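Novice: So here's work_7.cif, just mmCIF, C-alpha atoms:
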```
data_protein
loop_
_atom_site.label_atom_id
_atom_site.label_comp_id
_atom_site.auth_asym_id
_atom_site.auth_seq_id
_atom_site.Cartn_x
_atom_site.Cartn_y
_atom_site.Cartn_z
CA MET A 1 24.79 34.32 -17.01
CA THR A 2 22.50 35.02 -14.07
CA ALA A 3 22.95 33.06 -10.85
CA TYR A 4 19.77 31.13 -11.66
CA ALA A 5 21.03 30.19 -15.12
CA THR A 6 24.36 29.11 -13.65
CA LEU A 7 22.59 26.91 -11.11
CA ASP A 8 20.43 25.37 -13.83
CA ALA A 9 23.44 24.72 -16.04
CA TRP A 10 25.35 22.99 -13.22
CA ILE A 11 22.39 20.72 -12.50
CA ASP A 12 22.04 19.85 -16.20
CA ALA A 13 25.74 19.06 -16.42
CA HIS A 14 25.62 16.79 -13.36
CA PHE A 15 22.20 15.26 -13.86
CA ASP A 16 23.46 11.84 -14.94
CA GLU A 17 25.46 11.74 -11.71
CA GLU A 18 22.36 12.70 -9.74
CA VAL A 19 20.41 9.83 -11.31
CA ARG A 20 23.19 7.35 -10.50
CA PHE A 21 23.18 8.63 -6.91
CA LEU A 22 19.45 7.94 -6.69
CA GLN A 23 19.87 4.49 -8.21
CA GLU A 24 22.43 3.60 -5.55
CA LEU A 25 20.01 4.70 -2.82
CA VAL A 26 17.14 2.64 -4.26
CA ARG A 27 19.32 -0.47 -4.43
CA VAL A 28 19.69 -0.61 -0.63
CA PRO A 29 16.31 -1.84 0.71
CA THR A 30 14.73 0.01 3.62
CA ASP A 31 11.53 -1.95 4.09
CA THR A 32 9.75 -0.79 7.24
CA PRO A 33 8.74 -3.13 8.77
CA PRO A 34 11.07 -4.76 9.64
CA GLY A 35 12.93 -1.44 9.71
CA ASN A 36 16.62 -2.34 9.47
CA ASN A 37 17.57 1.07 8.14
CA ALA A 38 21.05 1.73 9.51
CA PRO A 39 22.76 0.08 6.48
CA HIS A 40 21.08 2.58 4.15
CA ALA A 41 22.29 5.48 6.27
CA GLU A 42 25.83 4.10 6.08
CA ARG A 43 25.61 3.83 2.29
CA THR A 44 24.14 7.32 2.00
CA ALA A 45 26.97 8.73 4.11
CA GLU A 46 29.53 7.02 1.82
CA LEU A 47 27.93 8.49 -1.29
CA LEU A 48 27.74 11.96 0.24
CA LYS A 49 31.38 11.82 1.31
CA ALA A 50 32.40 11.10 -2.28
CA PHE A 51 31.48 14.67 -3.19
CA GLY A 52 32.73 16.29 0.00
CA PHE A 53 29.71 16.24 2.30
CA GLU A 54 30.45 14.89 5.77
CA ALA A 55 27.37 13.27 7.25
CA GLU A 56 27.07 13.26 11.03
CA LYS A 57 25.65 9.89 12.08
CA TYR A 58 23.19 9.70 14.94
CA PRO A 59 22.27 6.10 15.75
CA VAL A 60 19.15 5.80 17.87
CA PRO A 61 19.86 3.46 20.82
CA ARG A 62 18.94 -0.10 19.90
CA ALA A 63 16.71 -0.57 22.94
CA GLU A 64 14.62 2.46 21.94
CA VAL A 65 14.35 1.29 18.35
CA GLN A 66 13.36 -2.26 19.25
CA ALA A 67 10.80 -1.08 21.81
CA TYR A 68 9.35 1.00 18.98
CA GLY A 69 8.99 -2.11 16.80
CA LEU A 70 11.90 -1.55 14.40
CA GLU A 71 15.41 -2.99 14.07
CA SER A 72 17.89 -0.15 13.49
CA ILE A 73 17.88 3.58 12.78
CA THR A 74 20.76 5.92 12.09
CA ASN A 75 19.71 9.46 11.25
CA LEU A 76 22.04 11.74 9.28
CA ILE A 77 22.71 15.49 9.41
CA VAL A 78 24.93 17.26 6.88
CA ARG A 79 25.71 20.83 7.96
CA ARG A 80 26.88 23.39 5.38
CA LYS A 81 27.57 26.80 6.95
CA TYR A 82 28.21 29.85 4.76
CA GLY A 83 28.03 32.74 7.20
CA GLU A 84 25.81 34.36 9.79
CA GLY A 85 22.10 34.06 9.16
CA ARG A 86 19.22 31.62 9.20
CA THR A 87 19.57 27.88 8.84
CA ILE A 88 17.38 26.06 6.33
CA ALA A 89 16.88 22.33 6.80
CA LEU A 90 15.98 19.96 3.98
CA ASN A 91 14.45 16.72 5.25
CA ALA A 92 13.75 13.48 3.38
CA HIS A 93 13.05 10.04 4.79
CA GLY A 94 14.66 6.82 3.64
CA ASP A 95 12.32 4.29 5.27
CA VAL A 96 9.58 2.87 3.06
CA VAL A 97 6.79 0.33 3.18
CA PRO A 98 7.69 -3.12 1.77
CA PRO A 99 7.22 -3.39 -2.00
CA GLY A 100 4.42 -5.95 -2.00
CA GLU A 101 3.35 -7.80 -5.12
CA GLY A 102 2.55 -6.87 -8.72
CA TRP A 103 5.78 -5.19 -9.80
CA SER A 104 6.82 -5.26 -13.46
CA HIS A 105 10.24 -3.83 -12.51
CA ASP A 106 12.68 -4.80 -9.78
CA PRO A 107 11.61 -2.72 -6.74
CA TYR A 108 15.29 -2.33 -5.83
CA GLY A 109 16.66 -2.04 -9.34
CA GLY A 110 16.45 1.66 -10.10
CA GLU A 111 15.63 0.76 -13.71
CA ILE A 112 15.08 3.62 -16.17
CA VAL A 113 12.37 3.16 -18.78
CA ASP A 114 10.89 5.89 -20.99
CA GLY A 115 12.35 8.70 -18.89
CA LYS A 116 11.16 7.31 -15.55
CA ILE A 117 13.13 5.64 -12.77
CA TYR A 118 11.36 2.69 -11.14
CA GLY A 119 11.81 1.39 -7.62
CA ARG A 120 10.53 1.57 -4.08
CA ALA A 121 11.16 5.06 -2.65
CA THR A 122 12.00 6.70 -5.98
CA ALA A 123 9.12 9.13 -5.44
CA VAL A 124 8.75 8.92 -1.64
CA SER A 125 11.31 9.95 -0.75
CA LYS A 126 14.78 8.86 -1.82
CA GLY A 127 14.20 11.03 -4.88
CA ASP A 128 14.59 14.02 -2.57
CA PHE A 129 17.78 12.66 -1.05
CA ALA A 130 19.00 13.32 -4.60
CA SER A 131 17.22 16.61 -5.34
CA PHE A 132 18.21 18.18 -2.02
CA SER A 133 21.83 16.98 -2.14
CA PHE A 134 22.42 18.13 -5.68
CA ALA A 135 20.62 21.44 -5.12
CA VAL A 136 23.11 22.17 -2.33
CA ARG A 137 26.01 21.10 -4.53
CA ALA A 138 24.77 23.42 -7.28
CA LEU A 139 24.44 26.27 -4.79
CA GLU A 140 28.01 25.83 -3.62
CA SER A 141 29.31 25.66 -7.19
CA LEU A 142 28.47 29.37 -7.50
CA GLN A 143 31.11 30.19 -4.89
CA ALA A 144 28.90 33.15 -4.02
CA GLN A 145 28.87 35.14 -0.80
CA LEU A 146 26.00 33.56 1.13
CA LYS A 147 24.53 34.07 4.59
CA GLY A 148 23.33 31.40 6.96
CA ALA A 149 23.50 27.64 6.51
CA VAL A 150 21.84 24.60 5.00
CA GLU A 151 21.32 21.29 6.77
CA LEU A 152 20.40 18.01 5.11
CA HIS A 153 18.33 15.83 7.43
CA PHE A 154 18.10 12.26 6.13
CA THR A 155 15.97 10.31 8.58
CA TYR A 156 14.42 6.85 8.88
CA ASP A 157 11.12 6.81 10.70
CA GLU A 158 8.44 8.54 8.65
CA GLU A 159 6.42 5.36 8.05
CA PHE A 160 6.08 4.73 11.82
CA GLY A 161 5.41 8.37 12.71
CA GLY A 162 8.74 10.19 12.82
CA GLU A 163 9.38 10.10 16.57
CA MET A 164 12.64 8.18 16.06
CA GLY A 165 13.58 10.32 13.05
CA PRO A 166 13.21 14.11 13.14
CA GLY A 167 11.42 13.83 16.46
CA TRP A 168 14.47 12.19 18.01
CA LEU A 169 16.90 14.73 16.52
CA LEU A 170 14.81 17.64 17.76
CA LYS A 171 14.16 16.15 21.20
CA ASN A 172 17.89 15.63 21.69
CA LYS A 173 18.61 19.21 20.53
CA LEU A 174 20.85 18.04 17.70
CA THR A 175 19.33 20.60 15.36
CA GLN A 176 17.23 23.76 15.53
CA PRO A 177 16.84 25.25 12.05
CA ASP A 178 14.92 28.43 11.32
CA LEU A 179 13.06 27.13 8.28
CA MET A 180 12.64 23.70 6.74
CA MET A 181 11.52 21.97 3.58
CA ALA A 182 10.50 18.32 3.51
CA ALA A 183 10.28 15.87 0.65
CA GLY A 184 7.23 16.38 -1.54
CA PHE A 185 6.04 16.67 -5.12
CA SER A 186 6.89 19.22 -7.79
CA TYR A 187 3.56 20.72 -8.78
CA GLU A 188 2.36 22.05 -5.44
CA VAL A 189 3.81 23.39 -2.21
CA VAL A 190 2.09 21.82 0.77
CA THR A 191 1.53 24.01 3.82
CA ALA A 192 -0.93 21.87 5.81
CA HIS A 193 -1.75 18.22 6.27
CA ASN A 194 -4.01 15.80 8.09
CA GLY A 195 -3.32 14.25 11.44
CA CYS A 196 -3.48 10.52 12.07
CA LEU A 197 -4.62 8.41 15.01
CA GLN A 198 -3.77 4.71 14.91
CA MET A 199 -5.14 2.25 17.45
CA GLU A 200 -4.90 -1.47 18.15
CA VAL A 201 -8.17 -3.05 19.27
CA THR A 202 -8.16 -6.49 20.90
CA VAL A 203 -11.54 -8.22 21.10
CA HIS A 204 -11.73 -11.01 23.70
CA GLY A 205 -14.23 -13.85 23.67
CA LYS A 206 -13.90 -17.49 24.76
CA MET A 207 -12.57 -20.32 22.63
CA ALA A 208 -14.73 -23.40 22.12
CA HIS A 209 -15.02 -26.41 19.81
CA ALA A 210 -16.99 -25.51 16.69
CA ALA A 211 -19.24 -28.53 17.33
CA ILE A 212 -20.47 -26.93 20.57
CA PRO A 213 -20.25 -23.19 19.81
CA ASP A 214 -22.67 -22.22 22.59
CA THR A 215 -19.99 -23.07 25.15
CA GLY A 216 -17.82 -20.26 23.84
CA VAL A 217 -18.03 -16.58 23.00
CA ASP A 218 -17.16 -15.75 19.39
CA ALA A 219 -14.65 -12.91 19.38
CA LEU A 220 -14.91 -12.59 15.62
CA GLN A 221 -18.63 -11.93 15.74
CA GLY A 222 -17.91 -9.28 18.37
CA ALA A 223 -15.21 -7.79 16.15
CA VAL A 224 -17.60 -7.71 13.18
CA ALA A 225 -20.13 -5.75 15.22
CA ILE A 226 -17.43 -3.28 16.27
CA LEU A 227 -16.07 -2.97 12.74
CA ASN A 228 -19.54 -2.31 11.33
CA ALA A 229 -20.02 0.46 13.90
CA LEU A 230 -16.65 1.97 13.05
CA TYR A 231 -17.19 1.83 9.29
CA ALA A 232 -20.60 3.47 9.73
CA GLN A 233 -18.74 6.51 11.04
CA ASN A 234 -17.32 7.15 7.58
CA ALA A 235 -20.75 8.20 6.34
CA LEU A 236 -20.82 10.78 9.13
CA TYR A 237 -17.25 11.91 8.50
CA LYS A 238 -18.13 12.86 4.92
CA LYS A 239 -20.36 15.57 6.34
CA VAL A 240 -17.37 17.15 8.12
CA THR A 241 -15.39 19.19 5.60
CA SER A 242 -12.12 21.06 5.91
CA ASP A 243 -11.56 24.65 4.86
CA VAL A 244 -8.01 23.77 3.74
CA ALA A 245 -7.66 23.36 -0.03
CA GLY A 246 -6.54 19.83 -0.88
CA ILE A 247 -8.08 18.27 2.24
CA GLN A 248 -11.66 17.00 2.14
CA HIS A 249 -13.00 15.13 5.18
CA PRO A 250 -11.96 12.71 7.92
CA TYR A 251 -11.75 8.99 7.19
CA LEU A 252 -11.34 5.73 9.06
CA ASN A 253 -9.60 2.63 7.70
CA VAL A 254 -8.95 -0.78 9.23
CA GLY A 255 -5.72 -1.96 7.66
CA ARG A 256 -4.92 -5.17 9.53
CA ILE A 257 -6.91 -7.92 11.24
CA GLU A 258 -5.93 -11.27 12.71
CA GLY A 259 -7.46 -13.80 15.07
CA GLY A 260 -8.60 -17.32 15.77
CA THR A 261 -6.59 -20.52 16.03
CA ASN A 262 -8.17 -22.96 13.57
CA THR A 263 -11.16 -23.46 11.30
CA ASN A 264 -12.93 -25.73 13.78
CA VAL A 265 -12.46 -23.48 16.80
CA VAL A 266 -14.66 -20.60 17.90
CA PRO A 267 -12.19 -17.72 17.94
CA GLY A 268 -11.36 -16.45 21.40
CA LYS A 269 -9.42 -13.36 20.34
CA VAL A 270 -9.35 -11.00 17.35
CA VAL A 271 -6.97 -8.06 16.95
CA PHE A 272 -7.35 -5.28 14.40
CA LYS A 273 -5.57 -2.00 13.76
CA LEU A 274 -7.37 1.14 12.66
CA ASP A 275 -6.17 4.37 11.11
CA ARG A 276 -8.24 7.53 11.61
CA ARG A 277 -7.23 10.53 9.46
CA MET A 278 -8.01 13.86 11.13
CA ILE A 279 -8.51 17.13 9.28
CA PRO A 280 -6.67 20.15 10.71
CA GLU A 281 -9.84 21.52 12.29
CA GLU A 282 -10.37 18.46 14.50
CA ASN A 283 -9.28 18.03 18.12
CA PRO A 284 -7.31 14.76 18.46
CA VAL A 285 -8.41 14.26 22.08
CA GLU A 286 -12.08 14.46 21.09
CA VAL A 287 -11.51 12.19 18.06
CA GLU A 288 -9.94 9.48 20.20
CA LYS A 289 -12.62 9.79 22.87
CA SER A 290 -15.33 9.41 20.21
CA ILE A 291 -13.79 6.28 18.65
CA ARG A 292 -13.33 4.64 22.03
CA GLN A 293 -17.01 5.31 22.77
CA VAL A 294 -18.15 3.83 19.43
CA ILE A 295 -16.13 0.68 20.17
CA ALA A 296 -17.42 0.42 23.73
CA ASP A 297 -21.06 0.88 22.68
CA ALA A 298 -20.77 -1.79 19.97
CA ALA A 299 -19.02 -4.24 22.29
CA ALA A 300 -21.71 -3.75 24.93
CA GLN A 301 -24.25 -5.22 22.50
CA CYS A 302 -22.29 -8.49 22.33
CA LYS A 303 -22.73 -10.67 25.41
CA GLY A 304 -19.46 -11.93 26.88
CA ILE A 305 -17.22 -9.73 24.73
CA THR A 306 -14.55 -7.51 26.29
CA VAL A 307 -12.22 -5.11 24.51
CA ASP A 308 -8.76 -3.65 25.08
CA ILE A 309 -7.79 -0.51 23.14
CA LYS A 310 -4.24 0.75 22.74
CA ARG A 311 -3.16 3.89 20.95
CA ILE A 312 -0.13 3.15 18.75
CA LEU A 313 0.29 6.51 16.99
CA LEU A 314 -0.95 10.05 17.33
CA ALA A 315 0.39 12.34 14.63
CA ASN A 316 -0.98 15.85 14.90
CA SER A 317 -2.12 17.72 11.83
CA MET A 318 -0.09 20.60 10.45
CA ARG A 319 -1.38 24.10 9.84
CA PRO A 320 0.72 26.81 8.19
CA LEU A 321 3.08 28.74 10.47
CA ALA A 322 3.38 32.42 9.59
CA GLY A 323 7.15 32.20 9.08
CA ASN A 324 6.88 29.86 6.11
CA LYS A 325 5.95 32.66 3.67
CA PRO A 326 9.49 33.23 2.30
CA LEU A 327 9.70 29.55 1.40
CA VAL A 328 6.25 29.46 -0.16
CA ASP A 329 6.85 32.60 -2.19
CA ALA A 330 10.23 31.46 -3.50
CA ILE A 331 9.00 27.97 -4.42
CA GLN A 332 5.97 29.37 -6.23
CA LYS A 333 8.09 31.89 -8.12
CA HIS A 334 10.72 29.46 -9.36
CA GLY A 335 8.35 26.52 -9.70
CA GLU A 336 6.14 28.45 -12.09
CA GLN A 337 9.14 29.57 -14.14
CA LEU A 338 10.59 26.07 -14.45
CA PHE A 339 7.42 23.99 -14.72
CA GLY A 340 5.47 26.51 -16.78
CA GLN A 341 2.41 26.48 -14.54
CA PRO A 342 1.30 27.96 -11.22
CA ILE A 343 2.40 26.08 -8.10
CA PRO A 344 -0.52 26.27 -5.64
CA ALA A 345 -0.05 26.33 -1.87
CA MET A 346 -2.40 23.75 -0.42
CA GLY A 347 -2.98 20.93 2.04
CA THR A 348 -2.64 17.18 1.66
CA PRO A 349 -4.57 14.32 3.28
CA LEU A 350 -1.29 12.61 4.20
CA TYR A 351 0.51 13.07 7.51
CA THR A 352 4.24 13.77 7.50
CA ASP A 353 7.30 14.48 9.63
CA VAL A 354 6.89 18.22 8.98
CA ARG A 355 4.44 18.41 11.86
CA LEU A 356 7.30 17.57 14.26
CA TYR A 357 9.28 20.59 13.08
CA GLY A 358 6.15 22.72 13.35
CA GLU A 359 5.55 21.55 16.90
CA ALA A 360 9.11 22.68 17.66
CA GLY A 361 8.27 26.15 16.30
CA ILE A 362 10.08 25.69 12.99
CA PRO A 363 8.04 26.85 9.97
CA GLY A 364 8.10 24.36 7.15
CA VAL A 365 6.63 23.33 3.82
CA ILE A 366 6.57 20.18 1.71
CA TYR A 367 8.15 20.39 -1.72
CA GLY A 368 10.39 18.18 -3.85
CA SER A 369 10.60 15.90 -6.85
CA GLY A 370 7.45 14.10 -7.85
CA PRO A 371 4.28 14.03 -9.97
CA ARG A 372 0.99 15.80 -9.51
CA SER A 373 -0.46 13.26 -7.08
CA VAL A 374 0.41 10.37 -4.80
CA LEU A 375 -1.73 8.16 -7.05
CA GLU A 376 0.37 9.06 -10.10
CA SER A 377 3.59 8.27 -8.24
CA HIS A 378 2.45 4.73 -7.31
CA ALA A 379 3.81 5.40 -3.82
CA LYS A 380 3.03 2.45 -1.52
CA ARG A 381 1.94 0.47 -4.60
CA ALA A 382 3.63 -1.63 -7.26
CA ASP A 383 5.84 0.09 -9.83
CA GLU A 384 6.55 3.25 -7.86
CA ARG A 385 8.29 5.63 -10.25
CA LEU A 386 9.67 9.13 -10.65
CA ASP A 387 9.77 11.09 -13.88
CA LEU A 388 13.37 12.19 -14.37
CA ALA A 389 12.21 15.50 -15.86
CA ASP A 390 10.46 16.26 -12.55
CA LEU A 391 13.61 15.33 -10.63
CA ARG A 392 15.72 17.66 -12.79
CA LYS A 393 13.37 20.63 -12.54
CA ALA A 394 12.66 20.20 -8.82
CA THR A 395 16.39 20.16 -8.12
CA LYS A 396 16.65 23.48 -9.94
CA VAL A 397 13.73 24.94 -7.98
CA VAL A 398 15.26 23.95 -4.64
CA ALA A 399 18.68 25.32 -5.62
CA ARG A 400 17.19 28.66 -6.66
CA VAL A 401 15.10 28.86 -3.48
CA LEU A 402 18.15 28.27 -1.32
CA TYR A 403 20.06 30.95 -3.22
CA ASP A 404 17.27 33.48 -2.68
CA LEU A 405 16.87 32.75 1.04
CA LEU A 406 20.58 32.80 1.84
CA GLN A 407 21.25 36.25 0.37
#
```
How does this structure look as structure tokens?
Specialist:
Amino acid sequence: MTAYATLDAWIDAHFDEEVRFLQELVRVPTDTPPGNNAPHAERTAELLKAFGFEAEKYPVPRAEVQAYGLESITNLIVRRKYGEGRTIALNAHGDVVPPGEGWSHDPYGGEIVDGKIYGRATAVSKGDFASFSFAVRALESLQAQLKGAVELHFTYDEEFGGEMGPGWLLKNKLTQPDLMMAAGFSYEVVTAHNGCLQMEVTVHGKMAHAAIPDTGVDALQGAVAILNALYAQNALYKKVTSDVAGIQHPYLNVGRIEGGTNTNVVPGKVVFKLDRRMIPEENPVEVEKSIRQVIADAAAQCKGITVDIKRILLANSMRPLAGNKPLVDAIQKHGEQLFGQPIPAMGTPLYTDVRLYGEAGIPGVIYGSGPRSVLESHAKRADERLDLADLRKATKVVARVLYDLLQ
């Protein structure tokens, strides 16, 4: 048997174990917010230890985590050294958005129905805790002479921007791999992604009794004027197109709004949070300056209204780094063989932790177990699921890629 066939056979023989591993990970909730993720890291470390992988635990100081708006984070690194040579990191994140409503399956059950496993984070990205771990196990089952090392980075801050996850590990010089692969989907290898600017806008007016509204200043009416001005930008953004395949144009979304005190009170304060996706060609400084100006101009049309603006996240976009070619080539080669179709290299409108590795000079790509699109995965929606056939094949692709790159 060839090395590839041996890897594939090991993964087939241990696939039921891999699925059980994933089920155990899904059954420990990691809803973020509130972001109490240390218990999941502890459970992951226990499961890894059962097959001989020692996970180094790096708890982020509680004060830092709480100031960030979360409860607990422990990031994990598993280091597997085989010889002299480059180190390849495999990163997946365990934190997830809360399940929300509308599920037909237990979001923490890991139920298997018609060849799919259901549960929050099955597709994004506890599925790649499994694919990456078992790819490394398969690689080591060969007992081949290998060069370099593999590191598993299991982190817990992707949903809030990654600064307390990979960003914290890199800032504290706990890792410095040469190449990296982050959790993704099976039918494409992602080499670029959007950036994201998130801002909190507080609109101040003056409370008054609804029976005498002229004695107050309606913050909600001011907020409506600002929101209309912001949403009007989306028509302009559609005229700005990216040259990166898979990425179309910028977009602005307001995802949360709250304000007022009671039905019979003119609201004195309204707070909303906006999310501005930036294509790789855009300058984040100019994007933020432009949004602040739109808000200021709209507020100026509303007598008595004042506005405070706070940036809460700036995630830079990712463009391909030249050193990622060996990863891209190997994934495309083995992906096409195992999935029976070409695996394009392209961009995605998401933003991810990979940008943090890129900013540290570490070339990376996004690839892992998942369907053809985020929509198909139900990520961040009810009934998130992962096709077990995709999990099996992606594990084989990752194992083969590691074998090729560690020769």
Novice: Which is closest to A:Tyr187 among A:Gly340, A:Gly216, A:Gly361, A:Gly259, if we use only C-alpha atoms?
Specialist: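 Under the stated criterion, the closest residue is A:Gly340.
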Novice: Could you tell me how far atom CA of A:Asp178 sits from atom CA of A:Phe339, in Å to one decimal place?
Specialist: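 Pair atom CA of A:Phe339 / atom CA of A:Asp178 returns 27.5 Å.
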Novice: Please return as a ChimeraX atom specification every residue within 10 Å of (8.5, 30.1, -8.3), taking into account all atoms listed in the file and the file's own coordinates.
Specialist: /A:327-343,397-398,400-401
Novice: List every protein, DNA or RNA residue that has at least one atom no more than 9 Å from (26.8, 27.6, -10.3) in the file's coordinates, counting all atoms listed in the file, and write the result as a PyMOL selection string.
Specialist: chain A and resi 3-11+137-144
Novice: Could those selected residues go to a file with C-alpha atoms, as a PDB file, in the coordinates of the input?
Specialist:
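Contents of result.pdb, as written:
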```
ATOM      1  CA  ALA A   3      22.950  33.060 -10.850  1.00  0.00           C
ATOM      2  CA  TYR A   4      19.770  31.130 -11.660  1.00  0.00           C
ATOM      3  CA  ALA A   5      21.030  30.190 -15.120  1.00  0.00           C
ATOM      4  CA  THR A   6      24.360  29.110 -13.650  1.00  0.00           C
ATOM      5  CA  LEU A   7      22.590  26.910 -11.110  1.00  0.00           C
ATOM      6  CA  ASP A   8      20.430  25.370 -13.830  1.00  0.00           C
ATOM      7  CA  ALA A   9      23.440  24.720 -16.040  1.00  0.00           C
ATOM      8  CA  TRP A  10      25.350  22.990 -13.220  1.00  0.00           C
ATOM      9  CA  ILE A  11      22.390  20.720 -12.500  1.00  0.00           C
ATOM     10  CA  ARG A 137      26.010  21.100  -4.530  1.00  0.00           C
ATOM     11  CA  ALA A 138      24.770  23.420  -7.280  1.00  0.00           C
ATOM     12  CA  LEU A 139      24.440  26.270  -4.790  1.00  0.00           C
ATOM     13  CA  GLU A 140      28.010  25.830  -3.620  1.00  0.00           C
ATOM     14  CA  SER A 141      29.310  25.660  -7.190  1.00  0.00           C
ATOM     15  CA  LEU A 142      28.470  29.370  -7.500  1.00  0.00           C
ATOM     16  CA  GLN A 143      31.110  30.190  -4.890  1.00  0.00           C
ATOM     17  CA  ALA A 144      28.900  33.150  -4.020  1.00  0.00           C
TER      18      ALA A 144
END
```
Novice: What gap, in Å, lies between atom CA of A:Val201 and atom CA of A:Thr261?
Specialist: 17.8 Å
Novice: Specify as a ChimeraX atom specification each residue included when the PyMOL selection byres ((chain A and resi 22-38) around 8) is applied to this file.
Specialist: /A:18-21,39-44,59,69-74,94-99,108-111,119-122,126-127,129-130,156,159
Novice: Assuming the chain letters and numbering stay as they are in my file, what does the PyMOL selection byres ((chain A and resi 266-271) around 12) actually select? List them as a PyMOL selection string.
Specialist: chain A and resi 199-224+226-227+254-265+272-274+304-310
Novice: Please compute the atom CA of A:Val124-atom CA of A:Leu90 distance, one decimal, in Å.
Specialist: 14.3 Å
Novice: I'd like a table as a Markdown table: residues in stretch 182-239 of chain A with an atom no more than 10 Å from stretch 354-359 of chain A, each row giving the shortest atom pair and its distance in Å to one decimal, all atoms listed in the file counted, sorted by chain and rising residue number.
Specialist:
```
| residue | atom | partner | partner_atom | distance |
| --- | --- | --- | --- | --- |
| A:Ala182 | CA | A:Val354 | CA | 6.6 |
| A:Ala183 | CA | A:Val354 | CA | 9.3 |
| A:Thr191 | CA | A:Val354 | CA | 9.4 |
| A:Ala192 | CA | A:Arg355 | CA | 8.8 |
| A:His193 | CA | A:Arg355 | CA | 8.3 |
| A:Asn194 | CA | A:Arg355 | CA | 9.6 |
| A:Gly195 | CA | A:Arg355 | CA | 8.8 |
```
Novice: Centre and edge lengths of an axis-aligned box around all listed atoms of stretch 113-127 of chain A, with 5 Å added on each side, are to be given in Å to one decimal, as JSON.
Specialist:
```
{"center_x": 11.8, "center_y": 6.2, "center_z": -10.9, "size_x": 16.0, "size_y": 19.6, "size_z": 30.2}
```
Novice: Residues at most 6 Å from stretch 152-154 of chain A, counting only C-alpha atoms, excluding those fewer than 4 positions away in the same chain, as a ChimeraX atom specification?
Specialist: /A:76-78,89-93
Novice: Can you spit out the residues from that selection as a compact mmCIF listing (two decimals), in the frame of the given file, using C-alpha atoms?
Specialist:
```
# COMPACT_ATOMS: atom_id res chain seq x y z
CA LEU A 76 22.04 11.74 9.28
CA ILE A 77 22.71 15.49 9.41
CA VAL A 78 24.93 17.26 6.88
CA ALA A 89 16.88 22.33 6.80
CA LEU A 90 15.98 19.96 3.98
CA ASN A 91 14.45 16.72 5.25
CA ALA A 92 13.75 13.48 3.38
CA HIS A 93 13.05 10.04 4.79
```
